Amino acid sequence: MQNQRESQHCKRNFTRAIQRVMNMKAIKVESFGGPEVLKVCDVPIPQPAEDEVLVRIKAVGINPVDTYLRTGTHTIKPPLPYTPGSDGAGLVEKAGAAVTKFKAGDRVFVSGTVTGSYAEYATVKASTTHPLPALLDFKQGAALGAPYFTAYRALFIRGNIQAGQTLLIHGASGAVGNGCIQFAKAHGLTVFGTAGSQQGLDLIKKLGVDQAFNHREEGYEQKIMAASNGKGVDYVAEMLSNVNLQKDLDLLAHGGTVLLIGSRGDINISPRSLMTKETKMIGVMLPRSTKEEMALTSSEVVKGAEAGHLAPVIAREYPLAEVGQAHQDIINTTSAAGKLVLVT
């Protein structure tokens with residue numbers, strides 16, 4: 001009888017050990033709402049389909065859209081329950097049978113997941129898995145996805161910016177703005193950037209802007225116009241259109257373009273601002289990319305990082321347990337200074 005009890009005890013311990021090995025920590029959202037709906041849970045490790053890889057996520061890129069999806073106010077509503085997150089970086093744990101580009105142990109970053117990146121493991125389509133250049137660590141890799149893919153799409157696919165032109169990045173100290181600075185400087189543009197704090201101004205100067213302006217300072221628009229010798233700028237990359245769009249239109253040179261990258265509301269503008277200088281506005285939405293555009297963007301991001309032109313700046317890192325605070329910080333910050341990431 002004693003031996004039988006000991007045997008049962010050993011079996012129970014073995015079963016628990018196996019379950020621990022097969023489980024992972026992940027963030028789950030079971031109802032839409034504030035940051036408090038983000039819960040750390042123990043869930044089974046997912047397994048990749050034949051065209052997927054299983055990635056051991058080391059770092060997660062936090063994007064503003066993650067907060068909109070969490071509240072249920074976005075036009076896209078993920079089915080509940082779900083694990084948030086599209087961006088991350090880590091090591092390939094296992095590759096599906098049809099995957100030939102990646103193998104176990106490869107360093108990768110991801111720009112979309114099947115099961116959500118706010119987790120210790122995620123399954124990812126091979127098409128949204130990319131080699132992580134050796135110059136970057138996992139936290140920087142996690143910052144490449146949405147910010148740098150959006151920056152490239154805005155400047156070169158939607159905007160078709162050319163060397164020698166002048167670009168104003170309105171809100172240059174955040175993650176997308178950082179990506180715009182680095183891409184633009186690598187392609188021979190004159191770059192003006194704005195930030196809302198001394199920390200942000202110091203950062204964008206370090207990243208290489210030709211001139212930096214504090215967008216909380218009264219009359220900063222006149223300083224930008226003066227820096228362009230009264231001509232105005234060829235392009236504006238706009239991160240907060242509902243606040244700045246009329247200013248952007250006023251700052252454009254004849255024939256110039258505003259690239260609308262971000263907005264959190266509505267704004268009234270004067271159509272004559274476009275008519276008088278024959279300017280235009282172009283919307284930018286990364287999910288609208290075709291497969292060919294996404295492949296080009298991925299290639300250019302990887303090449304830029306390998307060459308040392310692209311190097312994300314990490315503003316702050318959080319453990320999974322502090323994901324709620326991270327969501328508050330990314331929305332409530334008054335002046336960004338790089339990328340927020342989760343570490344697992």
# chains A, B, ... in the order shown; residues from 1 in each chain; ligands from 1

$ select_by_dssp --residues "segment 49-234 of chain A" --states "strand (DSSP E)" --output "PDB file with N, CA, C and O atoms, in the first residue's frame"
ATOM      1  N   GLU A  52       4.246  27.877 -40.505  1.00  0.00           N
ATOM      2  CA  GLU A  52       4.509  28.761 -39.368  1.00  0.00           C
ATOM      3  C   GLU A  52       5.773  28.343 -38.629  1.00  0.00           C
ATOM      4  O   GLU A  52       6.279  27.226 -38.795  1.00  0.00           O
ATOM      5  N   VAL A  53       6.247  29.261 -37.787  1.00  0.00           N
ATOM      6  CA  VAL A  53       7.324  28.939 -36.860  1.00  0.00           C
ATOM      7  C   VAL A  53       6.842  29.225 -35.443  1.00  0.00           C
ATOM      8  O   VAL A  53       5.980  30.087 -35.233  1.00  0.00           O
ATOM      9  N   LEU A  54       7.362  28.485 -34.496  1.00  0.00           N
ATOM     10  CA  LEU A  54       7.142  28.774 -33.084  1.00  0.00           C
ATOM     11  C   LEU A  54       8.337  29.564 -32.602  1.00  0.00           C
ATOM     12  O   LEU A  54       9.481  29.109 -32.725  1.00  0.00           O
ATOM     13  N   VAL A  55       8.096  30.766 -32.068  1.00  0.00           N
ATOM     14  CA  VAL A  55       9.179  31.646 -31.625  1.00  0.00           C
ATOM     15  C   VAL A  55       9.149  31.764 -30.109  1.00  0.00           C
ATOM     16  O   VAL A  55       8.087  32.035 -29.524  1.00  0.00           O
ATOM     17  N   ARG A  56      10.298  31.565 -29.496  1.00  0.00           N
ATOM     18  CA  ARG A  56      10.456  31.884 -28.068  1.00  0.00           C
ATOM     19  C   ARG A  56      10.660  33.383 -27.983  1.00  0.00           C
ATOM     20  O   ARG A  56      11.712  33.909 -28.331  1.00  0.00           O
ATOM     21  N   ILE A  57       9.608  34.092 -27.590  1.00  0.00           N
ATOM     22  CA  ILE A  57       9.638  35.552 -27.584  1.00  0.00           C
ATOM     23  C   ILE A  57      10.504  36.052 -26.423  1.00  0.00           C
ATOM     24  O   ILE A  57      10.279  35.698 -25.268  1.00  0.00           O
ATOM     25  N   LYS A  58      11.479  36.867 -26.761  1.00  0.00           N
ATOM     26  CA  LYS A  58      12.359  37.456 -25.742  1.00  0.00           C
ATOM     27  C   LYS A  58      11.969  38.894 -25.412  1.00  0.00           C
ATOM     28  O   LYS A  58      12.191  39.364 -24.295  1.00  0.00           O
ATOM     29  N   ALA A  59      11.416  39.593 -26.394  1.00  0.00           N
ATOM     30  CA  ALA A  59      10.982  40.982 -26.192  1.00  0.00           C
ATOM     31  C   ALA A  59       9.800  41.263 -27.106  1.00  0.00           C
ATOM     32  O   ALA A  59       9.683  40.682 -28.189  1.00  0.00           O
ATOM     33  N   VAL A  60       8.931  42.163 -26.653  1.00  0.00           N
ATOM     34  CA  VAL A  60       7.687  42.479 -27.352  1.00  0.00           C
ATOM     35  C   VAL A  60       7.624  43.980 -27.605  1.00  0.00           C
ATOM     36  O   VAL A  60       7.831  44.782 -26.684  1.00  0.00           O
ATOM     37  N   GLY A  61       7.312  44.373 -28.822  1.00  0.00           N
ATOM     38  CA  GLY A  61       7.110  45.780 -29.123  1.00  0.00           C
ATOM     39  C   GLY A  61       5.684  46.193 -28.801  1.00  0.00           C
ATOM     40  O   GLY A  61       4.729  45.565 -29.258  1.00  0.00           O
ATOM     41  N   ASP A  87       4.204  42.588 -32.746  1.00  0.00           N
ATOM     42  CA  ASP A  87       5.651  42.727 -32.893  1.00  0.00           C
ATOM     43  C   ASP A  87       6.401  42.019 -31.777  1.00  0.00           C
ATOM     44  O   ASP A  87       5.955  42.000 -30.622  1.00  0.00           O
ATOM     45  N   GLY A  88       7.560  41.482 -32.112  1.00  0.00           N
ATOM     46  CA  GLY A  88       8.388  40.827 -31.107  1.00  0.00           C
ATOM     47  C   GLY A  88       9.689  40.357 -31.717  1.00  0.00           C
ATOM     48  O   GLY A  88       9.923  40.489 -32.926  1.00  0.00           O
ATOM     49  N   ALA A  89      10.544  39.793 -30.879  1.00  0.00           N
ATOM     50  CA  ALA A  89      11.813  39.234 -31.342  1.00  0.00           C
ATOM     51  C   ALA A  89      12.214  38.104 -30.411  1.00  0.00           C
ATOM     52  O   ALA A  89      11.865  38.110 -29.226  1.00  0.00           O
ATOM     53  N   GLY A  90      12.940  37.147 -30.952  1.00  0.00           N
ATOM     54  CA  GLY A  90      13.359  36.019 -30.128  1.00  0.00           C
ATOM     55  C   GLY A  90      14.049  34.961 -30.958  1.00  0.00           C
ATOM     56  O   GLY A  90      14.676  35.258 -31.984  1.00  0.00           O
ATOM     57  N   LEU A  91      13.919  33.705 -30.526  1.00  0.00           N
ATOM     58  CA  LEU A  91      14.582  32.575 -31.156  1.00  0.00           C
ATOM     59  C   LEU A  91      13.549  31.594 -31.696  1.00  0.00           C
ATOM     60  O   LEU A  91      12.551  31.307 -31.033  1.00  0.00           O
ATOM     61  N   VAL A  92      13.806  31.092 -32.886  1.00  0.00           N
ATOM     62  CA  VAL A  92      12.934  30.063 -33.433  1.00  0.00           C
ATOM     63  C   VAL A  92      13.086  28.798 -32.586  1.00  0.00           C
ATOM     64  O   VAL A  92      14.192  28.273 -32.412  1.00  0.00           O
ATOM     65  N   GLU A  93      11.969  28.319 -32.074  1.00  0.00           N
ATOM     66  CA  GLU A  93      11.945  27.087 -31.292  1.00  0.00           C
ATOM     67  C   GLU A  93      11.694  25.874 -32.179  1.00  0.00           C
ATOM     68  O   GLU A  93      12.268  24.809 -31.985  1.00  0.00           O
ATOM     69  N   LYS A  94      10.828  26.062 -33.170  1.00  0.00           N
ATOM     70  CA  LYS A  94      10.441  24.960 -34.044  1.00  0.00           C
ATOM     71  C   LYS A  94       9.905  25.560 -35.338  1.00  0.00           C
ATOM     72  O   LYS A  94       9.238  26.597 -35.314  1.00  0.00           O
ATOM     73  N   ALA A  95      10.190  24.906 -36.449  1.00  0.00           N
ATOM     74  CA  ALA A  95       9.687  25.353 -37.747  1.00  0.00           C
ATOM     75  C   ALA A  95       8.715  24.328 -38.301  1.00  0.00           C
ATOM     76  O   ALA A  95       8.933  23.113 -38.172  1.00  0.00           O
ATOM     77  N   ARG A 107      17.850  33.647 -34.819  1.00  0.00           N
ATOM     78  CA  ARG A 107      17.404  34.910 -34.226  1.00  0.00           C
ATOM     79  C   ARG A 107      16.474  35.594 -35.219  1.00  0.00           C
ATOM     80  O   ARG A 107      16.829  35.784 -36.391  1.00  0.00           O
ATOM     81  N   VAL A 108      15.287  36.002 -34.775  1.00  0.00           N
ATOM     82  CA  VAL A 108      14.309  36.591 -35.674  1.00  0.00           C
ATOM     83  C   VAL A 108      13.574  37.744 -34.998  1.00  0.00           C
ATOM     84  O   VAL A 108      13.548  37.852 -33.774  1.00  0.00           O
ATOM     85  N   PHE A 109      12.981  38.595 -35.846  1.00  0.00           N
ATOM     86  CA  PHE A 109      11.965  39.530 -35.353  1.00  0.00           C
ATOM     87  C   PHE A 109      10.711  39.287 -36.168  1.00  0.00           C
ATOM     88  O   PHE A 109      10.769  38.757 -37.281  1.00  0.00           O
ATOM     89  N   VAL A 110       9.567  39.640 -35.591  1.00  0.00           N
ATOM     90  CA  VAL A 110       8.298  39.333 -36.246  1.00  0.00           C
ATOM     91  C   VAL A 110       7.462  40.599 -36.386  1.00  0.00           C
ATOM     92  O   VAL A 110       7.510  41.493 -35.537  1.00  0.00           O
ATOM     93  N   SER A 111       6.701  40.652 -37.470  1.00  0.00           N
ATOM     94  CA  SER A 111       5.860  41.819 -37.755  1.00  0.00           C
ATOM     95  C   SER A 111       4.397  41.411 -37.874  1.00  0.00           C
ATOM     96  O   SER A 111       3.647  41.990 -38.655  1.00  0.00           O
ATOM     97  N   TYR A 121       5.865  32.478 -25.805  1.00  0.00           N
ATOM     98  CA  TYR A 121       5.978  31.823 -27.107  1.00  0.00           C
ATOM     99  C   TYR A 121       4.849  32.328 -27.996  1.00  0.00           C
ATOM    100  O   TYR A 121       3.764  32.664 -27.516  1.00  0.00           O
ATOM    101  N   ALA A 122       5.101  32.345 -29.309  1.00  0.00           N
ATOM    102  CA  ALA A 122       4.047  32.709 -30.262  1.00  0.00           C
ATOM    103  C   ALA A 122       4.274  31.954 -31.558  1.00  0.00           C
ATOM    104  O   ALA A 122       5.420  31.722 -31.967  1.00  0.00           O
ATOM    105  N   THR A 123       3.185  31.569 -32.206  1.00  0.00           N
ATOM    106  CA  THR A 123       3.305  31.031 -33.560  1.00  0.00           C
ATOM    107  C   THR A 123       3.179  32.194 -34.537  1.00  0.00           C
ATOM    108  O   THR A 123       2.386  33.118 -34.346  1.00  0.00           O
ATOM    109  N   VAL A 124       3.991  32.123 -35.588  1.00  0.00           N
ATOM    110  CA  VAL A 124       4.120  33.224 -36.535  1.00  0.00           C
ATOM    111  C   VAL A 124       4.198  32.651 -37.946  1.00  0.00           C
ATOM    112  O   VAL A 124       4.889  31.655 -38.179  1.00  0.00           O
ATOM    113  N   LYS A 125       3.483  33.261 -38.884  1.00  0.00           N
ATOM    114  CA  LYS A 125       3.624  32.867 -40.280  1.00  0.00           C
ATOM    115  C   LYS A 125       5.074  33.125 -40.720  1.00  0.00           C
ATOM    116  O   LYS A 125       5.676  34.138 -40.343  1.00  0.00           O
ATOM    117  N   THR A 129       7.958  36.579 -40.484  1.00  0.00           N
ATOM    118  CA  THR A 129       9.153  36.315 -39.680  1.00  0.00           C
ATOM    119  C   THR A 129      10.356  36.784 -40.471  1.00  0.00           C
ATOM    120  O   THR A 129      10.454  36.533 -41.674  1.00  0.00           O
ATOM    121  N   HIS A 130      11.282  37.471 -39.807  1.00  0.00           N
ATOM    122  CA  HIS A 130      12.407  38.088 -40.508  1.00  0.00           C
ATOM    123  C   HIS A 130      13.700  37.844 -39.743  1.00  0.00           C
ATOM    124  O   HIS A 130      13.691  37.821 -38.497  1.00  0.00           O
ATOM    125  N   PRO A 131      14.821  37.693 -40.439  1.00  0.00           N
ATOM    126  CA  PRO A 131      16.095  37.497 -39.735  1.00  0.00           C
ATOM    127  C   PRO A 131      16.471  38.744 -38.939  1.00  0.00           C
ATOM    128  O   PRO A 131      16.366  39.864 -39.447  1.00  0.00           O
ATOM    129  N   THR A 166      13.425  68.096 -48.506  1.00  0.00           N
ATOM    130  CA  THR A 166      13.360  68.432 -47.081  1.00  0.00           C
ATOM    131  C   THR A 166      12.140  67.777 -46.452  1.00  0.00           C
ATOM    132  O   THR A 166      11.027  67.908 -46.957  1.00  0.00           O
ATOM    133  N   LEU A 167      12.370  67.100 -45.343  1.00  0.00           N
ATOM    134  CA  LEU A 167      11.317  66.390 -44.622  1.00  0.00           C
ATOM    135  C   LEU A 167      11.202  66.952 -43.211  1.00  0.00           C
ATOM    136  O   LEU A 167      12.200  67.052 -42.500  1.00  0.00           O
ATOM    137  N   LEU A 168       9.983  67.310 -42.819  1.00  0.00           N
ATOM    138  CA  LEU A 168       9.687  67.655 -41.427  1.00  0.00           C
ATOM    139  C   LEU A 168       8.984  66.474 -40.790  1.00  0.00           C
ATOM    140  O   LEU A 168       7.952  66.016 -41.296  1.00  0.00           O
ATOM    141  N   ILE A 169       9.534  65.983 -39.684  1.00  0.00           N
ATOM    142  CA  ILE A 169       8.891  64.904 -38.930  1.00  0.00           C
ATOM    143  C   ILE A 169       8.251  65.539 -37.704  1.00  0.00           C
ATOM    144  O   ILE A 169       8.940  65.960 -36.771  1.00  0.00           O
ATOM    145  N   HIS A 170       6.931  65.634 -37.748  1.00  0.00           N
ATOM    146  CA  HIS A 170       6.175  66.294 -36.688  1.00  0.00           C
ATOM    147  C   HIS A 170       5.877  65.251 -35.610  1.00  0.00           C
ATOM    148  O   HIS A 170       4.927  64.480 -35.717  1.00  0.00           O
ATOM    149  N   THR A 190      17.316  66.281 -46.177  1.00  0.00           N
ATOM    150  CA  THR A 190      17.446  67.253 -45.092  1.00  0.00           C
ATOM    151  C   THR A 190      16.272  67.019 -44.155  1.00  0.00           C
ATOM    152  O   THR A 190      15.118  67.010 -44.594  1.00  0.00           O
ATOM    153  N   VAL A 191      16.557  66.827 -42.873  1.00  0.00           N
ATOM    154  CA  VAL A 191      15.523  66.415 -41.927  1.00  0.00           C
ATOM    155  C   VAL A 191      15.365  67.431 -40.806  1.00  0.00           C
ATOM    156  O   VAL A 191      16.319  67.743 -40.092  1.00  0.00           O
ATOM    157  N   PHE A 192      14.140  67.945 -40.675  1.00  0.00           N
ATOM    158  CA  PHE A 192      13.737  68.734 -39.510  1.00  0.00           C
ATOM    159  C   PHE A 192      12.877  67.831 -38.634  1.00  0.00           C
ATOM    160  O   PHE A 192      12.079  67.036 -39.145  1.00  0.00           O
ATOM    161  N   GLY A 193      13.028  67.963 -37.320  1.00  0.00           N
ATOM    162  CA  GLY A 193      12.225  67.140 -36.428  1.00  0.00           C
ATOM    163  C   GLY A 193      11.719  67.946 -35.253  1.00  0.00           C
ATOM    164  O   GLY A 193      12.351  68.917 -34.826  1.00  0.00           O
ATOM    165  N   THR A 194      10.553  67.539 -34.733  1.00  0.00           N
ATOM    166  CA  THR A 194      10.028  68.201 -33.531  1.00  0.00           C
ATOM    167  C   THR A 194       9.886  67.180 -32.408  1.00  0.00           C
ATOM    168  O   THR A 194       9.725  65.984 -32.630  1.00  0.00           O
ATOM    169  N   ALA A 195       9.953  67.696 -31.179  1.00  0.00           N
ATOM    170  CA  ALA A 195       9.712  66.906 -29.977  1.00  0.00           C
ATOM    171  C   ALA A 195       9.127  67.840 -28.934  1.00  0.00           C
ATOM    172  O   ALA A 195       9.170  69.068 -29.087  1.00  0.00           O
ATOM    173  N   GLN A 211      17.886  69.953 -37.988  1.00  0.00           N
ATOM    174  CA  GLN A 211      17.443  70.972 -37.038  1.00  0.00           C
ATOM    175  C   GLN A 211      16.297  70.401 -36.214  1.00  0.00           C
ATOM    176  O   GLN A 211      15.442  69.678 -36.740  1.00  0.00           O
ATOM    177  N   ALA A 212      16.287  70.742 -34.918  1.00  0.00           N
ATOM    178  CA  ALA A 212      15.268  70.238 -33.994  1.00  0.00           C
ATOM    179  C   ALA A 212      14.471  71.407 -33.430  1.00  0.00           C
ATOM    180  O   ALA A 212      15.030  72.476 -33.138  1.00  0.00           O
ATOM    181  N   PHE A 213      13.153  71.192 -33.264  1.00  0.00           N
ATOM    182  CA  PHE A 213      12.258  72.243 -32.780  1.00  0.00           C
ATOM    183  C   PHE A 213      11.343  71.677 -31.696  1.00  0.00           C
ATOM    184  O   PHE A 213      10.894  70.529 -31.786  1.00  0.00           O
ATOM    185  N   ASN A 214      11.060  72.502 -30.696  1.00  0.00           N
ATOM    186  CA  ASN A 214      10.152  72.109 -29.616  1.00  0.00           C
ATOM    187  C   ASN A 214       8.731  72.492 -30.009  1.00  0.00           C
ATOM    188  O   ASN A 214       8.398  73.675 -30.088  1.00  0.00           O
ATOM    189  N   VAL A 233       8.653  73.153 -46.467  1.00  0.00           N
ATOM    190  CA  VAL A 233       9.248  71.819 -46.587  1.00  0.00           C
ATOM    191  C   VAL A 233       8.540  71.011 -47.672  1.00  0.00           C
ATOM    192  O   VAL A 233       7.373  71.253 -47.988  1.00  0.00           O
ATOM    193  N   ASP A 234       9.263  70.057 -48.242  1.00  0.00           N
ATOM    194  CA  ASP A 234       8.688  69.241 -49.312  1.00  0.00           C
ATOM    195  C   ASP A 234       7.702  68.202 -48.774  1.00  0.00           C
ATOM    196  O   ASP A 234       6.695  67.900 -49.419  1.00  0.00           O
TER     197      ASP A 234
END

$ residues_around --residues "Thr333 of chain A" --least-positions-apart "2" --cutoff "12 Å" --atoms "only C-alpha atoms" --output "ChimeraX atom specification"
/A:64,173-174,196-197,200,315,325-331,335-340

$ atom_distance --atom1 "atom CA of Ala184 of chain A" --atom2 "atom CA of Ser127 of chain A"
26.2 Å

$ atom_distance --atom1 "atom CA of Pro35 of chain A" --atom2 "atom CA of Val114 of chain A"
22.2 Å

$ closest_residue --among "A:Thr115, A:Gln182, A:Gln246, A:Ser86" --to "Pro271 of chain A" --atoms "only C-alpha atoms"
A:Gln246

$ select_by_dssp --residues "segment 264-323 of chain A" --states "helix (DSSP H, G or I)" --output "PyMOL selection string"
chain A and resi 272-277+286-288+291-306+320-323

$ residues_around --residues "Glu50 of chain A" --least-positions-apart "4" --cutoff "8 Å" --atoms "only C-alpha atoms" --output "number ranges by chain"
A: 95-99

$ atom_distance --atom1 "atom CA of Pro312 of chain A" --atom2 "atom CA of Ala175 of chain A"
7.4 Å

$ residues_around --residues "Met225 of chain A" --least-positions-apart "6" --cutoff "7 Å" --atoms "only C-alpha atoms" --output "list in words"
Lys231, Gly232 and Leu251 of chain A

$ write_last_selection --atoms "N, CA and C atoms" --output "short mmCIF file (atom, residue, chain, number, x, y, z; two decimals), in the first residue's frame"
data_model
loop_
_atom_site.label_atom_id
_atom_site.label_comp_id
_atom_site.auth_asym_id
_atom_site.auth_seq_id
_atom_site.Cartn_x
_atom_site.Cartn_y
_atom_site.Cartn_z
N LYS A 231 10.79 78.96 -47.86
CA LYS A 231 10.22 78.15 -48.93
C LYS A 231 9.17 77.17 -48.41
N GLY A 232 9.38 76.64 -47.21
CA GLY A 232 8.56 75.55 -46.70
C GLY A 232 9.23 74.21 -46.97
N LEU A 251 3.03 74.86 -43.52
CA LEU A 251 4.49 74.74 -43.58
C LEU A 251 4.99 74.13 -44.88
#

$ residues_around --residues "Ala295 of chain A" --least-positions-apart "4" --cutoff "12 Å" --atoms "only C-alpha atoms" --output "list in words"
Ser111, Ala126, Ser127, Thr128, Thr129, His130, Phe149, Tyr152, Arg153, Ser289, Thr290, Lys291, Ser299, Glu300, Val301 and Val302 of chain A
